[in-house]
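J.: run.cif is reproduced in full below (mmCIF, C-alpha atoms).
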```cif
data_protein
loop_
_atom_site.label_atom_id
_atom_site.label_comp_id
_atom_site.auth_asym_id
_atom_site.auth_seq_id
_atom_site.Cartn_x
_atom_site.Cartn_y
_atom_site.Cartn_z
CA MET K 1 39.35 -18.31 -13.61
CA VAL K 2 36.24 -17.59 -11.51
CA THR K 3 35.70 -20.03 -8.64
CA ALA K 4 32.37 -21.10 -7.16
CA HIS K 5 32.86 -18.53 -4.41
CA GLU K 6 33.54 -15.73 -6.86
CA GLN K 7 30.48 -15.91 -9.09
CA PRO K 8 29.81 -12.52 -10.67
CA ASP K 9 26.54 -10.77 -9.85
CA TRP K 10 24.66 -11.23 -13.12
CA SER K 11 22.04 -8.65 -12.14
CA THR K 12 24.56 -5.83 -12.53
CA ASP K 13 24.63 -6.46 -16.28
CA LEU K 14 21.48 -4.32 -16.38
CA THR K 15 21.23 -0.83 -14.95
CA ASP K 16 18.91 -0.19 -12.01
CA SER K 17 16.57 1.86 -14.24
CA VAL K 18 16.06 -1.21 -16.46
CA TRP K 19 15.23 -3.36 -13.42
CA PHE K 20 12.76 -0.68 -12.30
CA HIS K 21 11.09 -0.90 -15.71
CA ILE K 22 11.01 -4.72 -15.61
CA GLY K 23 9.49 -4.62 -12.14
CA ASN K 24 6.54 -2.66 -13.51
CA TYR K 25 5.42 -5.80 -15.40
CA LEU K 26 5.76 -8.21 -12.48
CA SER K 27 3.44 -9.14 -9.64
CA ILE K 28 4.48 -8.58 -6.04
CA ASN K 29 5.11 -12.32 -5.65
CA ASP K 30 7.28 -12.37 -8.77
CA ILE K 31 9.31 -9.43 -7.46
CA ASN K 32 9.75 -11.15 -4.09
CA ARG K 33 11.01 -14.32 -5.77
CA LEU K 34 13.38 -12.39 -8.03
CA SER K 35 14.75 -10.45 -5.05
CA ARG K 36 15.97 -13.74 -3.54
CA THR K 37 18.23 -14.55 -6.48
CA CYS K 38 21.08 -12.20 -5.58
CA VAL K 39 22.17 -9.53 -3.13
CA HIS K 40 21.94 -6.69 -5.65
CA LEU K 41 18.28 -7.39 -6.55
CA HIS K 42 17.37 -7.91 -2.91
CA THR K 43 18.72 -4.45 -2.10
CA LEU K 44 17.04 -2.92 -5.13
CA PHE K 45 13.60 -4.51 -4.66
CA THR K 46 13.40 -3.72 -0.94
CA SER K 47 14.14 -0.04 -1.41
CA ASN K 48 11.57 2.73 -1.03
CA ASP K 49 12.77 4.22 -4.32
CA PHE K 50 11.72 1.13 -6.28
CA TRP K 51 8.21 0.83 -4.80
CA SER K 52 7.74 4.60 -4.96
CA TYR K 53 8.54 4.37 -8.69
CA LEU K 54 5.91 1.62 -9.17
CA ILE K 55 3.27 3.71 -7.39
CA ARG K 56 4.00 6.72 -9.61
CA VAL K 57 3.96 4.66 -12.84
CA LYS K 58 0.86 2.56 -12.09
CA PHE K 59 -1.31 5.01 -10.17
CA GLY K 60 -0.13 8.40 -11.41
CA THR K 61 1.51 11.46 -9.92
CA THR K 62 -1.53 12.62 -7.91
CA VAL K 63 -1.83 9.33 -6.01
CA TRP K 64 1.97 9.15 -5.63
CA ARG K 65 2.08 12.61 -4.03
CA ARG K 66 -0.78 11.81 -1.68
CA PHE K 67 0.52 8.49 -0.36
CA VAL K 68 4.29 8.65 -0.75
CA LYS K 69 4.85 12.27 0.25
CA ASN K 70 2.40 12.19 3.16
CA SER K 71 4.36 10.35 5.85
CA SER K 72 1.40 10.19 8.26
CA ILE K 73 -0.62 7.81 6.07
CA LEU K 74 -0.16 4.18 7.16
CA SER K 75 2.19 5.24 9.97
CA ASN K 76 0.57 2.79 12.38
CA GLU K 77 0.99 -0.13 9.98
CA ILE K 78 4.65 0.74 9.49
CA SER K 79 5.22 0.75 13.25
CA GLU K 80 3.65 -2.69 13.53
CA LEU K 81 5.81 -4.02 10.70
CA ALA K 82 8.96 -2.72 12.35
CA SER K 83 8.37 -5.06 15.29
CA SER K 84 7.28 -8.04 13.18
CA THR K 85 9.21 -10.74 11.34
CA ASP K 86 8.62 -8.80 8.12
CA ALA K 87 10.51 -5.78 9.37
CA MET K 88 12.34 -5.42 6.06
CA THR K 89 9.10 -4.40 4.32
CA CYS K 90 9.48 -0.76 3.35
CA ARG K 91 6.76 1.85 3.59
CA SER K 92 6.32 2.32 -0.16
CA LYS K 93 5.91 -1.42 -0.68
CA LEU K 94 3.16 -1.56 1.94
CA ILE K 95 1.35 1.34 0.27
CA TYR K 96 1.75 -0.26 -3.17
CA SER K 97 0.30 -3.57 -1.96
CA GLN K 98 -2.69 -1.75 -0.42
CA LEU K 99 -3.32 0.30 -3.55
CA ASN K 100 -3.02 -2.82 -5.69
CA LYS K 101 -5.54 -4.77 -3.62
CA ARG K 102 -8.93 -5.25 -5.27
CA GLN K 103 -11.69 -3.91 -3.00
CA CYS K 104 -14.66 -6.11 -3.89
CA ILE K 105 -17.53 -7.71 -1.91
CA SER K 106 -19.78 -10.44 -3.29
CA PHE K 107 -23.51 -10.04 -2.58
CA ALA K 108 -23.66 -13.82 -2.12
CA ASP K 109 -21.20 -13.66 0.79
CA PHE K 110 -23.62 -13.60 3.71
CA SER K 111 -20.76 -13.12 6.18
CA LYS K 112 -20.14 -9.64 4.71
CA VAL K 113 -23.62 -8.62 3.51
CA SER K 114 -26.65 -7.87 5.72
CA PHE K 115 -30.32 -8.02 4.73
CA ASP K 116 -33.72 -6.98 6.04
CA ASN K 117 -35.26 -9.72 8.17
CA ASN K 118 -38.62 -10.07 6.43
CA ARG K 119 -37.31 -11.49 3.18
CA ASN K 120 -35.81 -14.75 1.96
CA TYR K 121 -32.81 -14.12 -0.30
CA THR K 122 -31.74 -16.76 -2.79
CA THR K 123 -28.29 -17.53 -4.12
CA PHE K 124 -27.65 -19.22 -7.46
CA THR K 125 -24.55 -20.90 -8.81
CA ASP K 126 -23.05 -18.89 -11.66
CA SER K 127 -19.56 -19.60 -13.00
CA SER K 128 -19.29 -16.06 -14.39
CA SER K 129 -19.67 -14.45 -10.96
CA LEU K 130 -17.01 -13.26 -8.52
CA ASN K 131 -17.05 -16.33 -6.27
CA GLY K 132 -19.29 -18.77 -8.17
CA GLU K 133 -22.60 -17.60 -6.67
CA VAL K 134 -24.91 -14.61 -7.14
CA LEU K 135 -27.76 -13.13 -5.12
CA TYR K 136 -31.18 -13.27 -6.80
CA VAL K 137 -34.13 -11.12 -5.70
CA HIS K 138 -37.38 -12.78 -6.76
CA ASP K 139 -40.64 -12.30 -4.83
CA SER K 140 -43.74 -14.34 -5.45
CA ILE K 141 -46.88 -12.39 -6.35
CA GLU K 142 -48.51 -13.34 -3.05
CA PHE K 143 -45.80 -11.89 -0.82
CA CYS K 144 -44.49 -8.36 -1.28
CA TYR K 145 -41.73 -6.82 0.79
CA SER K 146 -39.53 -3.81 0.99
CA LEU K 147 -35.89 -4.34 -0.02
CA HIS K 148 -32.75 -3.50 1.94
CA ILE K 149 -29.23 -4.88 1.35
CA GLU K 150 -26.14 -3.40 2.95
CA THR K 151 -22.42 -4.07 3.31
CA THR K 152 -19.32 -2.27 4.57
CA PHE K 153 -15.83 -2.00 3.13
CA LYS K 154 -13.48 -1.86 6.10
CA ASN K 155 -10.19 0.03 6.59
CA ILE K 156 -10.06 1.68 3.18
CA LEU K 157 -7.22 4.08 2.34
CA PRO K 158 -8.04 7.80 2.01
CA GLY K 159 -8.96 8.96 -1.49
CA ARG K 160 -11.79 9.19 -4.00
CA TYR K 161 -13.41 5.97 -5.21
CA ASP K 162 -15.83 4.99 -7.95
CA VAL K 163 -18.51 2.70 -6.49
CA ILE K 164 -19.53 0.11 -9.07
CA CYS K 165 -22.22 -2.59 -8.87
CA ARG K 166 -22.22 -5.63 -11.18
CA MET K 167 -25.70 -6.97 -11.93
CA LYS K 168 -27.97 -8.52 -14.53
CA LEU K 169 -31.74 -8.61 -15.00
CA ASP K 170 -34.60 -10.90 -15.89
CA LEU K 171 -37.71 -8.98 -16.91
CA PRO K 172 -37.56 -6.74 -13.81
CA TYR K 173 -40.47 -5.79 -11.59
CA MET K 174 -39.07 -3.18 -9.22
CA LEU K 175 -41.85 -0.66 -8.63
CA GLY K 176 -41.09 2.27 -6.38
CA ASP K 177 -37.71 3.98 -6.09
CA THR K 178 -34.64 1.79 -5.69
CA GLU K 179 -31.76 3.72 -4.14
CA PHE K 180 -28.06 2.84 -4.36
CA VAL K 181 -25.97 4.66 -1.72
CA ALA K 182 -22.31 4.65 -0.63
CA ILE K 183 -20.87 6.89 2.06
CA ALA K 184 -17.63 7.12 4.07
CA GLU K 185 -18.23 6.66 7.79
CA GLN K 186 -16.77 10.05 8.74
CA THR K 187 -18.22 12.91 10.75
CA ASN K 188 -18.56 15.21 7.74
CA PRO K 189 -18.33 13.13 4.56
CA SER K 190 -17.62 15.38 1.59
CA GLU K 191 -18.75 13.24 -1.35
CA ILE K 192 -21.56 10.66 -1.26
CA ALA K 193 -22.35 8.19 -4.06
CA PHE K 194 -26.07 8.08 -4.82
CA THR K 195 -28.23 6.73 -7.68
CA ARG K 196 -32.02 6.33 -7.77
CA TRP K 197 -33.73 3.98 -10.25
CA THR K 198 -37.40 3.71 -11.11
CA GLN K 199 -39.05 0.72 -12.78
CA ASP K 200 -38.47 2.46 -16.13
CA ASP K 201 -34.73 2.63 -15.42
CA PHE K 202 -34.62 -1.09 -14.72
CA LEU K 203 -36.58 -1.83 -17.90
CA SER K 204 -34.25 0.36 -19.93
CA MET K 205 -31.20 -1.56 -18.67
CA TYR K 206 -33.00 -4.85 -19.27
CA ARG K 207 -33.62 -3.94 -22.91
CA CYS K 208 -29.96 -2.99 -23.34
CA PHE K 209 -28.54 -6.23 -21.94
CA ASN K 210 -31.15 -8.88 -22.85
CA TYR K 211 -30.83 -10.65 -26.20
CA ASP K 212 -34.01 -12.30 -27.51
CA LEU K 213 -32.24 -14.55 -30.01
CA SER K 214 -29.87 -16.16 -27.52
CA LYS K 215 -32.14 -15.72 -24.49
CA ALA K 216 -29.09 -14.42 -22.66
CA ASN K 217 -29.07 -11.85 -19.90
CA LEU K 218 -25.70 -10.12 -19.79
CA TRP K 219 -23.89 -8.75 -16.78
CA PHE K 220 -23.39 -5.00 -16.74
CA TYR K 221 -21.57 -2.54 -14.49
CA GLN K 222 -23.54 0.29 -12.93
CA ARG K 223 -21.55 3.18 -11.48
CA ILE K 224 -23.34 4.40 -8.36
CA GLY K 225 -21.15 7.48 -8.03
CA ILE K 226 -18.04 8.72 -6.24
CA VAL K 227 -17.33 8.44 -2.52
CA GLU K 228 -14.45 10.20 -0.79
CA ILE K 229 -12.45 9.44 2.34
CA GLN K 230 -10.88 12.64 3.61
CA GLY K 231 -7.80 13.09 5.78
CA ASN K 232 -4.96 10.66 6.37
CA GLU K 233 -6.67 7.84 8.24
CA ARG K 234 -8.27 4.67 6.95
CA CYS K 235 -12.07 4.61 7.05
CA ASN K 236 -15.02 2.28 6.45
CA ILE K 237 -17.34 2.82 3.48
CA TYR K 238 -21.00 1.84 3.89
CA VAL K 239 -22.98 0.68 0.83
CA SER K 240 -26.70 -0.05 0.58
CA ILE K 241 -29.42 -0.93 -1.94
CA SER K 242 -32.96 -0.23 -0.77
CA ASN K 243 -36.55 -0.02 -2.00
CA GLN K 244 -39.08 0.95 0.67
CA ASP K 245 -42.23 0.08 -1.30
CA PRO K 246 -43.86 -2.88 0.56
CA THR K 247 -46.95 -3.13 -1.65
CA HIS K 248 -45.40 -4.51 -4.84
CA ALA K 249 -43.41 -7.66 -5.48
CA LYS K 250 -39.79 -7.28 -6.52
CA HIS K 251 -38.06 -9.70 -8.80
CA GLY K 252 -35.72 -10.09 -11.75
CA LEU K 253 -32.58 -8.66 -10.09
CA TYR K 254 -29.29 -10.59 -9.96
CA LEU K 255 -26.47 -9.03 -7.92
CA ASP K 256 -22.88 -10.21 -8.25
CA TYR K 257 -20.65 -7.76 -6.38
CA VAL K 258 -19.97 -4.17 -5.43
CA GLU K 259 -16.48 -2.75 -5.98
CA LEU K 260 -14.44 0.29 -5.03
CA LYS K 261 -12.02 1.60 -7.66
CA LEU K 262 -9.53 4.24 -6.61
CA ARG K 263 -9.70 7.27 -8.89
CA LEU K 264 -6.35 8.36 -10.26
CA ASP K 265 -7.30 12.00 -10.81
#
```
Any chance you could put this one into structure tokens?
T.:
Amino acid sequence: MVTAHEQPDWSTDLTDSVWFHIGNYLSINDINRLSRTCVHLHTLFTSNDFWSYLIRVKFGTTVWRRFVKNSSILSNEISELASSTDAMTCRSKLIYSQLNKRQCISFADFSKVSFDNNRNYTTFTDSSSLNGEVLYVHDSIEFCYSLHIETTFKNILPGRYDVICRMKLDLPYMLGDTEFVAIAEQTNPSEIAFTRWTQDDFLSMYRCFNYDLSKANLWFYQRIGIVEIQGNERCNIYVSISNQDPTHAKHGLYLDYVELKLRLD
């Protein structure tokens, strides 16, 4: 007869490889909660082997080699954790949580986005946006300005990233060249994201994503290009949208957010 103090460890009914596979379908919070159910799962889910496995499965062998095999990446964060109350957090788990974090900035978040001073920018409520509001560029005919919007992603892990902008259009009037740029703030950046649109480019995208029957303007995702952070240290990535033509009004542009997506190649 098994007493209350001799309860068997139910988690051992499954092999560790099965628990590794199950963990691939769980969030970090779910894994943390499950790890508190018994000693065996706590040991398993706080091991470097487990989180290293998740990195390899979710992000691929190339990313796994770069971040798990290179012990210098995130070394400072690990040192800080060792002296904190969360000292049990292993290195691979920290890397996994950073890789899993969505790097996204809303254009309607004026605490993270900067603008040129000679323009009034308008935000509109939109339930389909990242945080419930979008930035709308709409000049009157009487007042024409240049356009400059910029933001910075801070402390981004090394690697190559797709830079993607989510936007939609009314009938656009964006004469002159509109340039989308993203660059790592390093001494010699190796890969810079850059796209230049003319008024014809805006009109082409408008025709693709505007439906006359429903009068609906659809959101679309524009890839600006690829930006790379070299080396083993975190780095900021600067992003800007600019149009230097001050003689024509600019309107019809809704901006939701800009996002960095780590490339797995």
J.: I'd like to see the residues matched by the PyMOL selection byres ((chain K and resi 130) around 10) on this file, and ideally I'd get them as a PyMOL selection string.
T.: chain K and resi 104-108+126-129+131-134+166+256-257
J.: Using all atoms listed in the file, which of the listed residues (K:Ser146, K:Ser52, K:Thr247, K:Thr43) sits closest to K:Asn24?
T.: K:Ser52
J.: Please provide the set of residues having any atom within 10 Å of K:Asp162, restricted to only C-alpha atoms, with same-chain residues fewer than 4 positions apart removed, written as a PDB file with C-alpha atoms, in the coordinates of the input.
T.:
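The result, stored in selection-v2.pdb:
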```
ATOM      1  CA  ALA K 182     -22.310   4.650  -0.630  1.00  0.00           C
ATOM      2  CA  ALA K 193     -22.350   8.190  -4.060  1.00  0.00           C
ATOM      3  CA  ARG K 223     -21.550   3.180 -11.480  1.00  0.00           C
ATOM      4  CA  ILE K 224     -23.340   4.400  -8.360  1.00  0.00           C
ATOM      5  CA  GLY K 225     -21.150   7.480  -8.030  1.00  0.00           C
ATOM      6  CA  ILE K 226     -18.040   8.720  -6.240  1.00  0.00           C
ATOM      7  CA  VAL K 227     -17.330   8.440  -2.520  1.00  0.00           C
ATOM      8  CA  GLU K 228     -14.450  10.200  -0.790  1.00  0.00           C
ATOM      9  CA  GLU K 259     -16.480  -2.750  -5.980  1.00  0.00           C
ATOM     10  CA  LEU K 260     -14.440   0.290  -5.030  1.00  0.00           C
ATOM     11  CA  LYS K 261     -12.020   1.600  -7.660  1.00  0.00           C
ATOM     12  CA  LEU K 262      -9.530   4.240  -6.610  1.00  0.00           C
ATOM     13  CA  ARG K 263      -9.700   7.270  -8.890  1.00  0.00           C
TER      14      ARG K 263
END
```
J.: So how many Å separate atom CA of K:Thr122 and atom CA of K:Tyr254, to one decimal?
T.: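 We find that atom CA of K:Thr122 and atom CA of K:Tyr254 lie 9.8 Å from each other.
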J.: Evaluated on this file, the PyMOL selection byres ((chain K and resi 170) around 8) picks out some residues - which ones are they, written as an NGL selection string?
T.: :K and (168-169 or 171-172 or 206 or 217 or 251-254)
J.: Skipping near chain neighbours, those fewer than 5 positions away, what residues fall within 7 Å of K:Ile237 using all atoms listed in the file, listed as a ChimeraX atom specification?
T.: /K:152-154,182-185
J.: Could you check how far atom CA of K:Phe50 sits from atom CA of K:Leu34, in Å to one decimal?
T.: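 Atom-to-atom, atom CA of K:Phe50 and atom CA of K:Leu34 are spaced 13.7 Å apart.
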J.: Which of these residues is nearest to K:Gln222, using only C-alpha atoms: K:Ile156, K:Leu99, K:Cys208, K:Val258?
T.: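 Among the listed residues, K:Val258 lies closest to K:Gln222.
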J.: Write out as a PyMOL selection string each polymer residue whose atoms come within 12 Å of K:Tyr173, counting only C-alpha atoms; drop sequence neighbours fewer than 3 positions from it.
T.: chain K and resi 137-141+144+169-170+176-178+197-203+206+243+245+248-253
J.: Could you give me, as a PyMOL selection string, the residues within 12 Å of K:Leu44, counting all atoms listed in the file and dropping anything in the same chain fewer than 2 positions from it?
T.: chain K and resi 11-12+15-20+23+31-32+34-42+46-53+90
J.: Taking all atoms listed in the file into account, name the residue in K:Phe220, K:Phe45, K:Leu54, K:Thr123 that is nearest to K:Tyr25.
T.: K:Leu54
J.: Determine, counting only C-alpha atoms, which protein, DNA and RNA residues have an atom within 7 Å of an atom of K:Phe115; residues of the same chain fewer than 5 positions away are not included. Present the result as number ranges by chain.
T.: K: 148-150
J.: Report, in Å with one decimal, the straight-line distance from atom CA of K:Phe67 to atom CA of K:His21.
T.: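 Atom-to-atom, atom CA of K:Phe67 to atom CA of K:His21, that is 20.9 Å.
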J.: Around all of stretch 128-131 of chain K's listed atoms, make the axis-aligned box with 8 Å on each side and tell me centre and edge lengths in Å to one decimal, as JSON.
T.:
```
{"center_x": -18.3, "center_y": -14.8, "center_z": -10.3, "size_x": 18.7, "size_y": 19.1, "size_z": 24.1}
```
J.: Tell me which of K:Phe194, K:Phe124, K:Phe143, K:Tyr161 sits closest to K:Leu255, counting only C-alpha atoms.
T.: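 Looking only at the distances to K:Leu255, the closest residue turns out to be K:Phe124.
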J.: Pick from K:Lys93, K:Thr151, K:Thr187, K:Cys165: nearest to K:Ser111, with only C-alpha atoms counted?
T.: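 When distances to K:Ser111 are compared using only C-alpha atoms, the smallest one comes from K:Thr151.
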J.: All heavy atoms are what I want for stretch 164-175 of chain K; can you complete it accordingly and write them as an mmCIF file, keeping the file's coordinate frame?
T.:
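File out-v5.cif, as written:
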```cif
data_model
loop_
_atom_site.group_PDB
_atom_site.id
_atom_site.type_symbol
_atom_site.label_atom_id
_atom_site.label_comp_id
_atom_site.auth_asym_id
_atom_site.auth_seq_id
_atom_site.Cartn_x
_atom_site.Cartn_y
_atom_site.Cartn_z
ATOM 1 N N ILE K 164 -18.994 0.784 -7.892
ATOM 2 C CA ILE K 164 -19.530 0.110 -9.070
ATOM 3 C C ILE K 164 -20.221 -1.181 -8.653
ATOM 4 O O ILE K 164 -19.680 -1.983 -7.886
ATOM 5 C CB ILE K 164 -18.395 -0.207 -10.074
ATOM 6 C CG1 ILE K 164 -17.720 1.095 -10.518
ATOM 7 C CG2 ILE K 164 -18.930 -0.959 -11.286
ATOM 8 C CD1 ILE K 164 -16.427 0.898 -11.251
ATOM 9 N N CYS K 165 -21.433 -1.386 -9.175
ATOM 10 C CA CYS K 165 -22.220 -2.590 -8.870
ATOM 11 C C CYS K 165 -22.356 -3.426 -10.142
ATOM 12 O O CYS K 165 -22.711 -2.901 -11.203
ATOM 13 C CB CYS K 165 -23.590 -2.178 -8.342
ATOM 14 S SG CYS K 165 -24.624 -3.551 -7.820
ATOM 15 N N ARG K 166 -22.070 -4.716 -10.041
ATOM 16 C CA ARG K 166 -22.220 -5.630 -11.180
ATOM 17 C C ARG K 166 -23.531 -6.391 -11.010
ATOM 18 O O ARG K 166 -23.765 -7.036 -9.978
ATOM 19 C CB ARG K 166 -21.051 -6.606 -11.271
ATOM 20 C CG ARG K 166 -21.064 -7.482 -12.534
ATOM 21 C CD ARG K 166 -19.817 -8.342 -12.601
ATOM 22 N NE ARG K 166 -19.659 -8.981 -13.902
ATOM 23 C CZ ARG K 166 -19.779 -10.289 -14.121
ATOM 24 N NH1 ARG K 166 -20.083 -11.099 -13.106
ATOM 25 N NH2 ARG K 166 -19.603 -10.792 -15.320
ATOM 26 N N MET K 167 -24.391 -6.338 -12.027
ATOM 27 C CA MET K 167 -25.700 -6.970 -11.930
ATOM 28 C C MET K 167 -26.184 -7.421 -13.300
ATOM 29 O O MET K 167 -25.621 -7.061 -14.334
ATOM 30 C CB MET K 167 -26.710 -5.998 -11.311
ATOM 31 C CG MET K 167 -27.011 -4.785 -12.167
ATOM 32 S SD MET K 167 -28.220 -3.651 -11.409
ATOM 33 C CE MET K 167 -27.155 -2.743 -10.295
ATOM 34 N N LYS K 168 -27.253 -8.216 -13.305
ATOM 35 C CA LYS K 168 -27.970 -8.520 -14.530
ATOM 36 C C LYS K 168 -29.443 -8.673 -14.192
ATOM 37 O O LYS K 168 -29.810 -8.777 -13.008
ATOM 38 C CB LYS K 168 -27.416 -9.759 -15.227
ATOM 39 C CG LYS K 168 -27.604 -11.073 -14.507
ATOM 40 C CD LYS K 168 -27.004 -12.209 -15.329
ATOM 41 C CE LYS K 168 -27.099 -13.541 -14.593
ATOM 42 N NZ LYS K 168 -26.511 -14.652 -15.398
ATOM 43 N N LEU K 169 -30.308 -8.698 -15.217
ATOM 44 C CA LEU K 169 -31.740 -8.610 -15.000
ATOM 45 C C LEU K 169 -32.503 -9.645 -15.808
ATOM 46 O O LEU K 169 -32.196 -9.862 -16.988
ATOM 47 C CB LEU K 169 -32.258 -7.213 -15.382
ATOM 48 C CG LEU K 169 -31.616 -6.014 -14.664
ATOM 49 C CD1 LEU K 169 -32.020 -4.726 -15.355
ATOM 50 C CD2 LEU K 169 -32.014 -5.984 -13.200
ATOM 51 N N ASP K 170 -33.494 -10.305 -15.164
ATOM 52 C CA ASP K 170 -34.600 -10.900 -15.890
ATOM 53 C C ASP K 170 -35.584 -9.751 -16.134
ATOM 54 O O ASP K 170 -35.305 -8.609 -15.750
ATOM 55 C CB ASP K 170 -35.272 -11.996 -15.060
ATOM 56 C CG ASP K 170 -34.504 -13.312 -15.124
ATOM 57 O OD1 ASP K 170 -33.765 -13.525 -16.098
ATOM 58 O OD2 ASP K 170 -34.635 -14.104 -14.171
ATOM 59 N N LEU K 171 -36.719 -10.041 -16.760
ATOM 60 C CA LEU K 171 -37.710 -8.980 -16.910
ATOM 61 C C LEU K 171 -38.006 -8.431 -15.517
ATOM 62 O O LEU K 171 -38.615 -9.099 -14.688
ATOM 63 C CB LEU K 171 -38.978 -9.518 -17.553
ATOM 64 C CG LEU K 171 -40.038 -8.477 -17.914
ATOM 65 C CD1 LEU K 171 -39.489 -7.478 -18.935
ATOM 66 C CD2 LEU K 171 -41.300 -9.130 -18.431
ATOM 67 N N PRO K 172 -37.534 -7.217 -15.212
ATOM 68 C CA PRO K 172 -37.560 -6.740 -13.810
ATOM 69 C C PRO K 172 -38.928 -6.181 -13.431
ATOM 70 O O PRO K 172 -39.626 -5.568 -14.240
ATOM 71 C CB PRO K 172 -36.497 -5.646 -13.812
ATOM 72 C CG PRO K 172 -36.512 -5.105 -15.214
ATOM 73 C CD PRO K 172 -36.845 -6.265 -16.111
ATOM 74 N N TYR K 173 -39.273 -6.388 -12.168
ATOM 75 C CA TYR K 173 -40.470 -5.790 -11.590
ATOM 76 C C TYR K 173 -40.046 -5.158 -10.283
ATOM 77 O O TYR K 173 -40.016 -5.791 -9.232
ATOM 78 C CB TYR K 173 -41.535 -6.873 -11.364
ATOM 79 C CG TYR K 173 -42.900 -6.322 -11.010
ATOM 80 C CD1 TYR K 173 -43.711 -5.730 -11.981
ATOM 81 C CD2 TYR K 173 -43.375 -6.397 -9.704
ATOM 82 C CE1 TYR K 173 -44.966 -5.237 -11.651
ATOM 83 C CE2 TYR K 173 -44.630 -5.907 -9.363
ATOM 84 C CZ TYR K 173 -45.415 -5.329 -10.347
ATOM 85 O OH TYR K 173 -46.670 -4.826 -10.021
ATOM 86 N N MET K 174 -39.668 -3.883 -10.361
ATOM 87 C CA MET K 174 -39.070 -3.180 -9.220
ATOM 88 C C MET K 174 -39.771 -1.832 -9.049
ATOM 89 O O MET K 174 -39.162 -0.773 -9.165
ATOM 90 C CB MET K 174 -37.573 -2.988 -9.435
ATOM 91 C CG MET K 174 -36.773 -4.271 -9.569
ATOM 92 S SD MET K 174 -36.569 -5.177 -8.015
ATOM 93 C CE MET K 174 -35.502 -4.070 -7.127
ATOM 94 N N LEU K 175 -41.083 -1.890 -8.799
ATOM 95 C CA LEU K 175 -41.850 -0.660 -8.630
ATOM 96 C C LEU K 175 -41.393 0.098 -7.392
ATOM 97 O O LEU K 175 -40.876 -0.473 -6.439
ATOM 98 C CB LEU K 175 -43.340 -0.973 -8.541
ATOM 99 C CG LEU K 175 -43.988 -1.554 -9.816
ATOM 100 C CD1 LEU K 175 -45.469 -1.772 -9.588
ATOM 101 C CD2 LEU K 175 -43.749 -0.654 -11.009
#
```
